[in-house]
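Right, one structure below, let's go through it.
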Amino acid sequence: MGKTLRVFTILLLLLSIGALVLGVLLFNKRELLKGRTQLLEEYVIKLGSTLETEKAEALEELPGDPERDVGAVTDQVVEDPETANFWDTYKYHLEDTEQDLLDLNKKRREMMQYFQLDPITQKPKKDQYGQKIIKGERTMHAVLEDALLKAEDQYNLLNETREQLRVLREELIATIRDLNSQKGELRQKLQQITQLSQQIMGLEQQIEGLRSDIALLKEEKQALRDDVAERDRQIQLRDKEIAEQKTAIKRLEQIINDMKTRMLDKGSSSGVAVDTSAIAFIEPGDKGKIIAVNKEWNFAIIKVTPAFINEIWGEDPTRALPHIELVARRADSGDFVTKLKITQVKLDEGLAVADILVAWQQMPLKIGDVVFH
């Protein structure tokens with residue numbers, strides 16, 4: 001009996017030692033499982049704060065952004081051009097950044113509940129087979145399942161955004177290509193403008209040549225007048241040659257009339273004659289803008305206003321051009337540039353030729369400067 005008791009005591013001691021060892025190992029496992037569970041719980045809560053609670057809904061009313069003009073560029077003004085209609089399919093709801101984020105910290109107690117509890121007994125519910133239920137309301141499974149659904153929605157939203165970015169990139173490429181094409185055409189038009197400017201300079205030279213012709217015609221006219229006066233004097237001195245002188249006078253008068261006709265035709269095609277002795281009374285204000293400048297010959301062409309022309313000539317376009325001096329200023333800053341003296345006006349085109357008064361010039365005259373009195 002004593003031996004049996006001793007054996008039983010030794011066996012109980014060994015079992016106690018084994019239980020202690022298993023308890024220590026189980027405690028270490030418990031700490032491991034507890035730490036892993038808490039760490040997973042914290043990071044699930046942090047991941048939940050990156051998920052949106054609701055899906056972004058499409059806008060019922062579009063903002064009405066401007067569409068890209070895809071019509072051909074011509075010299076015709078188009079009031080209703082052809083557009084790309086890109087924004088009709090654009091998904092504006094992808095830009096919404098004001099969605100509420102998922103706060104799993106408020107569901108921490110539910111995340112700690114593995115089994116579904118009976119609200120009365122607070123014991124785990126069992127199914128028809130006697131197994132404890134781990135799904136349903138107020139369980140960890142329900143919280144994680146809801147977070148998974150929202151993550152799937154956000155993943156789908158991300159893919160939808162990627163697709164929209166691809167479409168937007170294609171539209172941007174098309175716009176860039178269209179812009180590059182338009183810039184190429186613009187460069188060609190600027191080249192044409194340069195060529196036209198050169199033609200204008202040629203016309204300016206022709207205008208200067210016409211001025212020289214007018215001066216020569218004036219000299220010829222004066223010479224003819226002197227000749228007529230001399231012949232009149234000779235007629236008075238030579239009574240005996242009256243008949244012959246009358247014939248000569250008629251011939252000279254015909255020549256003078258022809259020259260007057262030529263002068264009138266020349267004046268109507270080039271501008272209005274200048275009468276330096278006349279003085280015009282002009283109201284203060286803007287009278288036009290500089291449209292061309294010839295630095296070599298030191299003159300400019302002004303696009304004058306109809307009010308200025310009416311102010312000088314009114315209803316008498318045959319009136320001689322009076323002595324007129326105008327002032328030019330810079331259009332953007334209003335700085336004084338120089339004074340100009342009107343030498344010729346083309347009434348039918350609203351253009352005036354003016355000499356640049358160098359003594360008054362403060363800076364180079366350029367196209368676009370405002371002319372005023």
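Identifiers in the structure tokens: chain A, B, ... in order shown; residue index from 1 per chain; ligand index from 1 in order shown.
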Checklist line | Polymer residues at most 10 Å from Gly350 (chain A), only C-alpha atoms, same-chain spacing of 5 or more positions, as a ChimeraX atom specification | finding: /A:288,302-306,308-309,345
Go through region 12-52 of chain A residue by residue and, counting only C-alpha atoms, keep those with an atom at most 12 Å from region 126-143 of chain A; for each kept residue give the shortest atom pair and its distance in Å to one decimal, ordered by chain and increasing number, as CSV.
residue,atom,partner,partner_atom,distance
A:Glu41,CA,A:Met140,CA,10.2
A:Val44,CA,A:Val143,CA,10.3
A:Ile45,CA,A:Val143,CA,10.5
A:Gly48,CA,A:Val143,CA,10.2
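Compared by their closest atoms to Glu152 (chain A), and using only C-alpha atoms, the residues A:Ile324, A:Leu51, A:Leu165, A:Leu102 rank with A:Leu51 nearest.
Non-sequential neighbours of Asn298 (chain A) (distance at most 10 Å, separation of 6 or more positions within a chain, only C-alpha atoms) are Ala354, Asp355, Ile356, Leu357, Val358 and Leu365 of chain A.
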Next item on the list: List every residue of region 107-355 of chain A that DSSP, applied to the backbone, labels as helix (DSSP H, G or I), and write the result as a ChimeraX atom specification.
Entry: /A:107-111,140-237,239-270,306-313
Next item on the list: Mind checking which residues fall within 10 Å of region 85-87 of chain A, counting only C-alpha atoms, ignoring those fewer than 6 positions away in the same chain, and posting them as a count of residues only?
Entry: 12
Item checked: All residues 6 Å or closer to Ala300 (chain A), only C-alpha atoms, same chain fewer than 4 positions away omitted, as a VMD selection string -> chain A and resid 292 to 294 353 to 354
Note to self: Report, in Å with one decimal, the straight-line distance from CA of Met363 (chain A) to CA of Val337 (chain A).
What the structure shows: 5.4 Å
Note to self: With only C-alpha atoms as the counted atoms, please give the residues lying no more than 8 Å from Arg330 (chain A), apart from itself and same-chain residues fewer than 3 positions off, as a count of residues only.
What the structure shows: 8
Checklist line | Atomic separation - CA of Phe372 (chain A) relative to CA of Leu326 (chain A), Å | finding: 5.8 Å
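Nearest to Asp103 (chain A) of all the residues A:Leu340, A:Leu148, A:Leu47, A:Ala56 is A:Leu47, based on only C-alpha atoms.
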